[in-house]
$ cat final36.cif   # mmCIF, C-alpha atoms
data_query
loop_
_atom_site.group_PDB
_atom_site.id
_atom_site.type_symbol
_atom_site.label_atom_id
_atom_site.label_comp_id
_atom_site.auth_asym_id
_atom_site.auth_seq_id
_atom_site.Cartn_x
_atom_site.Cartn_y
_atom_site.Cartn_z
ATOM 1 C CA MET P 6 5.646 48.809 -45.696
ATOM 2 C CA ARG P 7 2.897 46.523 -44.404
ATOM 3 C CA LYS P 8 5.012 43.401 -45.023
ATOM 4 C CA SER P 9 7.955 44.852 -43.125
ATOM 5 C CA CYS P 10 5.718 45.728 -40.140
ATOM 6 C CA ILE P 11 4.378 42.182 -40.077
ATOM 7 C CA LEU P 12 7.910 40.776 -40.256
ATOM 8 C CA VAL P 13 9.079 43.044 -37.420
ATOM 9 C CA VAL P 14 6.081 42.081 -35.233
ATOM 10 C CA ALA P 15 6.648 38.380 -36.008
ATOM 11 C CA ALA P 16 10.362 38.668 -35.164
ATOM 12 C CA VAL P 17 9.572 40.389 -31.857
ATOM 13 C CA CYS P 18 6.994 37.697 -31.000
ATOM 14 C CA VAL P 19 9.470 34.928 -31.772
ATOM 15 C CA ALA P 20 12.166 36.599 -29.675
ATOM 16 C CA VAL P 21 9.824 37.122 -26.727
ATOM 17 C CA LEU P 22 8.396 33.611 -26.831
ATOM 18 C CA SER P 23 11.762 31.900 -27.227
ATOM 19 C CA GLY P 24 13.203 33.906 -24.343
ATOM 20 C CA CYS P 25 10.429 32.703 -22.009
ATOM 21 C CA LYS P 26 10.678 29.096 -23.107
ATOM 22 C CA ALA P 27 11.430 26.804 -20.179
ATOM 23 C CA LYS P 28 14.460 24.640 -20.603
ATOM 24 C CA GLU P 29 13.780 20.945 -21.163
ATOM 25 C CA SER P 30 16.630 20.111 -18.811
ATOM 26 C CA LEU P 31 14.777 21.806 -15.940
ATOM 27 C CA TYR P 32 11.724 19.635 -16.561
ATOM 28 C CA LYS P 33 13.880 16.522 -16.766
ATOM 29 C CA ALA P 34 15.677 17.374 -13.521
ATOM 30 C CA ALA P 35 12.371 17.947 -11.719
ATOM 31 C CA TYR P 36 10.984 14.694 -13.149
ATOM 32 C CA ASP P 37 14.061 12.705 -12.096
ATOM 33 C CA GLN P 38 13.896 14.179 -8.600
ATOM 34 C CA ALA P 39 10.197 13.323 -8.241
ATOM 35 C CA LYS P 40 10.777 9.798 -9.568
ATOM 36 C CA ALA P 41 13.616 9.224 -7.098
ATOM 37 C CA LYS P 42 11.418 10.416 -4.242
ATOM 38 C CA GLU P 43 8.591 8.136 -5.413
ATOM 39 C CA LEU P 44 10.919 5.130 -5.488
ATOM 40 C CA THR P 45 12.206 5.959 -2.012
ATOM 41 C CA ASP P 46 8.669 6.364 -0.676
ATOM 42 C CA SER P 47 7.435 3.145 -2.308
ATOM 43 C CA SER P 48 10.264 1.146 -0.744
ATOM 44 C CA VAL P 49 9.214 2.414 2.681
ATOM 45 C CA LYS P 50 5.476 2.085 2.339
ATOM 46 C CA GLU P 51 3.113 0.415 -0.086
ATOM 47 C CA PRO P 52 1.326 3.118 -2.064
ATOM 48 C CA VAL P 53 -2.265 2.472 -1.191
ATOM 49 C CA ALA P 54 -4.813 5.248 -1.074
ATOM 50 C CA GLU P 55 -7.930 3.676 0.298
ATOM 51 C CA PRO P 56 -11.165 5.635 0.620
ATOM 52 C CA GLN P 57 -13.441 5.133 3.577
ATOM 53 C CA PRO P 58 -15.550 2.023 2.909
ATOM 54 C CA ALA P 59 -19.245 2.536 2.256
ATOM 55 C CA THR P 60 -20.184 -0.369 4.510
ATOM 56 C CA PRO P 61 -19.470 0.054 8.183
ATOM 57 C CA ALA P 62 -16.116 -1.437 9.042
ATOM 58 C CA VAL P 63 -15.171 -1.138 12.681
ATOM 59 C CA GLU P 64 -11.632 0.117 13.099
ATOM 60 C CA SER P 65 -9.742 0.260 16.334
ATOM 61 C CA THR P 66 -6.183 0.758 17.382
ATOM 62 C CA VAL P 67 -4.889 -1.640 19.986
ATOM 63 C CA ALA P 68 -1.617 -1.562 21.840
ATOM 64 C CA PRO P 69 -0.242 -5.012 22.628
ATOM 65 C CA GLU P 70 0.310 -6.138 26.191
ATOM 66 C CA PRO P 71 3.276 -4.383 27.790
ATOM 67 C CA GLN P 72 6.386 -6.514 27.660
ATOM 68 C CA THR P 73 9.337 -6.427 29.991
ATOM 69 C CA SER P 74 11.829 -4.744 27.703
ATOM 70 C CA VAL P 75 14.082 -1.717 27.836
ATOM 71 C CA SER P 76 12.117 0.147 25.147
ATOM 72 C CA THR P 77 9.348 2.423 26.402
ATOM 73 C CA GLU P 78 7.630 2.633 22.997
ATOM 74 C CA THR P 79 4.626 0.367 22.480
ATOM 75 C CA PRO P 80 3.855 -0.430 18.837
ATOM 76 C CA VAL P 81 0.366 0.465 17.707
ATOM 77 C CA VAL P 82 -1.494 -2.260 15.849
ATOM 78 C CA LYS P 83 -4.228 -1.309 13.386
ATOM 79 C CA VAL P 84 -7.198 -3.673 13.581
ATOM 80 C CA THR P 85 -10.268 -3.747 11.361
ATOM 81 C CA LYS P 86 -13.338 -5.934 11.432
ATOM 82 C CA GLU P 87 -14.989 -6.814 8.146
ATOM 83 C CA ARG P 88 -16.433 -9.745 6.270
ATOM 84 C CA VAL P 89 -14.121 -11.028 3.570
ATOM 85 C CA THR P 90 -14.203 -13.942 1.142
ATOM 86 C CA THR P 91 -11.364 -15.610 -0.710
ATOM 87 C CA ILE P 92 -11.194 -14.977 -4.441
ATOM 88 C CA ASP P 93 -9.876 -18.493 -5.109
ATOM 89 C CA ALA P 94 -12.098 -21.320 -3.882
ATOM 90 C CA ASP P 95 -8.997 -23.378 -3.034
ATOM 91 C CA ASP P 96 -7.965 -20.772 -0.445
ATOM 92 C CA ALA P 97 -11.259 -20.871 1.505
ATOM 93 C CA SER P 98 -9.856 -23.326 4.055
ATOM 94 C CA LYS P 99 -6.938 -20.958 4.808
ATOM 95 C CA LEU P 100 -9.176 -18.105 6.003
ATOM 96 C CA LYS P 101 -9.546 -17.967 9.792
ATOM 97 C CA MET P 102 -10.672 -15.363 12.327
ATOM 98 C CA TYR P 103 -7.461 -13.286 12.739
ATOM 99 C CA ASN P 104 -5.549 -12.362 9.597
ATOM 100 C CA VAL P 105 -2.305 -10.478 8.976
ATOM 101 C CA VAL P 106 -2.822 -8.123 6.015
ATOM 102 C CA LEU P 107 0.198 -6.782 4.122
ATOM 103 C CA GLY P 108 -1.557 -4.973 1.292
ATOM 104 C CA SER P 109 -4.900 -3.587 0.211
ATOM 105 C CA PHE P 110 -5.636 -2.907 -3.452
ATOM 106 C CA SER P 111 -8.538 -1.817 -5.610
ATOM 107 C CA ILE P 112 -7.124 -3.798 -8.555
ATOM 108 C CA SER P 113 -6.924 -7.587 -8.271
ATOM 109 C CA THR P 114 -3.804 -7.796 -10.462
ATOM 110 C CA ASN P 115 -1.828 -5.741 -7.945
ATOM 111 C CA ALA P 116 -3.028 -7.915 -5.076
ATOM 112 C CA LYS P 117 -2.126 -11.082 -6.950
ATOM 113 C CA GLY P 118 1.342 -9.677 -7.674
ATOM 114 C CA LEU P 119 2.052 -9.124 -3.975
ATOM 115 C CA LYS P 120 0.632 -12.556 -3.184
ATOM 116 C CA GLU P 121 2.955 -14.221 -5.709
ATOM 117 C CA SER P 122 5.917 -12.334 -4.257
ATOM 118 C CA LEU P 123 5.069 -13.614 -0.775
ATOM 119 C CA VAL P 124 4.521 -17.173 -2.038
ATOM 120 C CA ALA P 125 7.955 -16.999 -3.677
ATOM 121 C CA ASP P 126 9.358 -16.033 -0.255
ATOM 122 C CA GLY P 127 7.827 -19.200 1.234
ATOM 123 C CA TYR P 128 4.591 -17.853 2.734
ATOM 124 C CA ASN P 129 1.147 -19.367 2.258
ATOM 125 C CA ALA P 130 -0.370 -16.019 1.222
ATOM 126 C CA PHE P 131 -3.799 -15.572 -0.362
ATOM 127 C CA VAL P 132 -6.121 -12.799 -1.536
ATOM 128 C CA VAL P 133 -9.554 -11.955 -0.148
ATOM 129 C CA GLN P 134 -12.143 -9.378 -1.133
ATOM 130 C CA ASN P 135 -14.361 -7.304 1.147
ATOM 131 C CA ALA P 136 -17.909 -6.022 0.551
ATOM 132 C CA THR P 137 -16.689 -2.754 -0.986
ATOM 133 C CA GLY P 138 -14.528 -4.539 -3.573
ATOM 134 C CA TRP P 139 -11.077 -4.026 -2.033
ATOM 135 C CA TYR P 140 -8.594 -6.872 -2.342
ATOM 136 C CA ARG P 141 -6.629 -7.689 0.818
ATOM 137 C CA VAL P 142 -3.415 -9.712 0.669
ATOM 138 C CA ILE P 143 -3.251 -11.966 3.715
ATOM 139 C CA VAL P 144 0.107 -13.475 4.538
ATOM 140 C CA ALA P 145 -1.145 -15.671 7.392
ATOM 141 C CA SER P 146 -4.380 -16.489 9.206
ATOM 142 C CA PHE P 147 -4.842 -17.588 12.829
ATOM 143 C CA ASP P 148 -7.532 -18.662 15.284
ATOM 144 C CA ASP P 149 -6.178 -16.437 18.079
ATOM 145 C CA ARG P 150 -5.199 -12.784 18.199
ATOM 146 C CA GLU P 151 -1.897 -13.284 20.035
ATOM 147 C CA SER P 152 -0.485 -15.513 17.300
ATOM 148 C CA ALA P 153 -1.577 -13.065 14.605
ATOM 149 C CA THR P 154 0.004 -10.121 16.433
ATOM 150 C CA ALA P 155 3.261 -12.023 16.972
ATOM 151 C CA PHE P 156 3.376 -13.042 13.304
ATOM 152 C CA ARG P 157 2.742 -9.433 12.212
ATOM 153 C CA GLU P 158 5.720 -8.314 14.296
ATOM 154 C CA SER P 159 7.947 -11.035 12.838
ATOM 155 C CA ILE P 160 6.993 -9.942 9.291
ATOM 156 C CA GLN P 161 7.875 -6.343 10.150
ATOM 157 C CA GLN P 162 11.251 -7.474 11.500
ATOM 158 C CA ARG P 163 11.986 -9.584 8.416
ATOM 159 C CA TYR P 164 10.935 -6.881 5.936
ATOM 160 C CA VAL P 165 12.250 -3.801 7.717
ATOM 161 C CA GLY P 166 10.663 -0.705 6.212
ATOM 162 C CA ARG P 167 8.539 -2.564 3.654
ATOM 163 C CA PHE P 168 5.494 -3.676 5.640
ATOM 164 C CA ASN P 169 5.448 -1.147 8.484
ATOM 165 C CA ASP P 170 1.733 -0.670 7.922
ATOM 166 C CA ALA P 171 0.819 -4.368 8.211
ATOM 167 C CA TRP P 172 -2.423 -4.742 10.142
ATOM 168 C CA LEU P 173 -4.830 -7.277 11.576
ATOM 169 C CA LEU P 174 -8.165 -8.061 9.986
ATOM 170 C CA ILE P 175 -10.801 -9.802 12.058
ATOM 171 C CA ASN P 176 -13.065 -11.750 9.743
ATOM 172 C CA GLN P 177 -16.719 -11.413 10.742
#
$ encode --input "final36.cif" --output "structure tokens"
Amino acid sequence: MRKSCILVVAAVCVAVLSGCKAKESLYKAAYDQAKAKELTDSSVKEPVAEPQPATPAVESTVAPEPQTSVSTETPVVKVTKERVTTIDADDASKLKMYNVVLGSFSISTNAKGLKESLVADGYNAFVVQNATGWYRVIVASFDDRESATAFRESIQQRYVGRFNDAWLLINQ
């Protein structure tokens, strides 16, 4: 009698648990949907989650000079001021006052990967590091702000949707 009660309880438990079991296909469908969204998002914007730096970095948003065009929208340019140094000694001569940054990474391998991609596209890109340890990928460096801003806009036009968050870094 005891064995039959145990078997009945075990059979009921198995039936209940198997009835509540989530289908693997539902998990796969949700995973595929999330992966597709991630790929779409990464093609629009570089996935960089950057915490606020511990050292004071002055950030300001500057609108470029109004131009005589039909569009009434004025693009907003992100500008930061921080001291950076090149990670390769050979690149030290490339670093100037106004820099166009296309990526910011906490891992040097990721920064070097973007740099190599830009070099393959014909740019003289290089990687710098700030005081908090973040690696910035600079595609071009200039002595004047106007040239840097114009170059940033040309990069955004060439890589539509990829480097919409390109910004200017003023080396202190």
$ resolve_selection --input "final36.cif" --expression "the PyMOL selection byres ((chain P and resi 106-119) around 8)" --output "ChimeraX atom specification"
/P:51,53,55,104-105,120-123,132,138-145,168,170-174
$ closest_residue --input "final36.cif" --among "P:Ala125, P:Cys10, P:Ala15, P:Val89" --to "Lys101 in chain P" --atoms "all atoms listed in the file"
P:Val89
$ resolve_selection --input "final36.cif" --expression "the PyMOL selection byres ((chain P and resi 150) around 9)" --output "list in words"
Met102, Tyr103, Asn104, Phe147, Asp148, Asp149, Glu151, Ser152, Ala153, Thr154, Ala155, Leu173 and Ile175 of chain P
$ resolve_selection --input "final36.cif" --expression "the PyMOL selection byres ((chain P and resi 97) around 12)" --output "ChimeraX atom specification"
/P:89-96,98-101,130-134,146
$ write_last_selection --input "final36.cif" --atoms "C-alpha atoms" --output "short mmCIF file (atom, residue, chain, number, x, y, z; two decimals), in the coordinates of the input"
data_model
loop_
_atom_site.label_atom_id
_atom_site.label_comp_id
_atom_site.auth_asym_id
_atom_site.auth_seq_id
_atom_site.Cartn_x
_atom_site.Cartn_y
_atom_site.Cartn_z
CA VAL P 89 -14.12 -11.03 3.57
CA THR P 90 -14.20 -13.94 1.14
CA THR P 91 -11.36 -15.61 -0.71
CA ILE P 92 -11.19 -14.98 -4.44
CA ASP P 93 -9.88 -18.49 -5.11
CA ALA P 94 -12.10 -21.32 -3.88
CA ASP P 95 -9.00 -23.38 -3.03
CA ASP P 96 -7.96 -20.77 -0.44
CA SER P 98 -9.86 -23.33 4.06
CA LYS P 99 -6.94 -20.96 4.81
CA LEU P 100 -9.18 -18.10 6.00
CA LYS P 101 -9.55 -17.97 9.79
CA ALA P 130 -0.37 -16.02 1.22
CA PHE P 131 -3.80 -15.57 -0.36
CA VAL P 132 -6.12 -12.80 -1.54
CA VAL P 133 -9.55 -11.96 -0.15
CA GLN P 134 -12.14 -9.38 -1.13
CA SER P 146 -4.38 -16.49 9.21
#
$ atom_distance --input "final36.cif" --atom1 "CA of Gln161 in chain P" --atom2 "CA of Val82 in chain P"
11.7 Å
$ atom_distance --input "final36.cif" --atom1 "CA of Val165 in chain P" --atom2 "CA of Asp126 in chain P"
14.9 Å
$ closest_residue --input "final36.cif" --among "P:Glu87, P:Glu158, P:Tyr164, P:Asn169" --to "Thr137 in chain P" --atoms "only C-alpha atoms"
P:Glu87
$ atom_distance --input "final36.cif" --atom1 "CA of Gln177 in chain P" --atom2 "CA of Arg163 in chain P"
28.9 Å
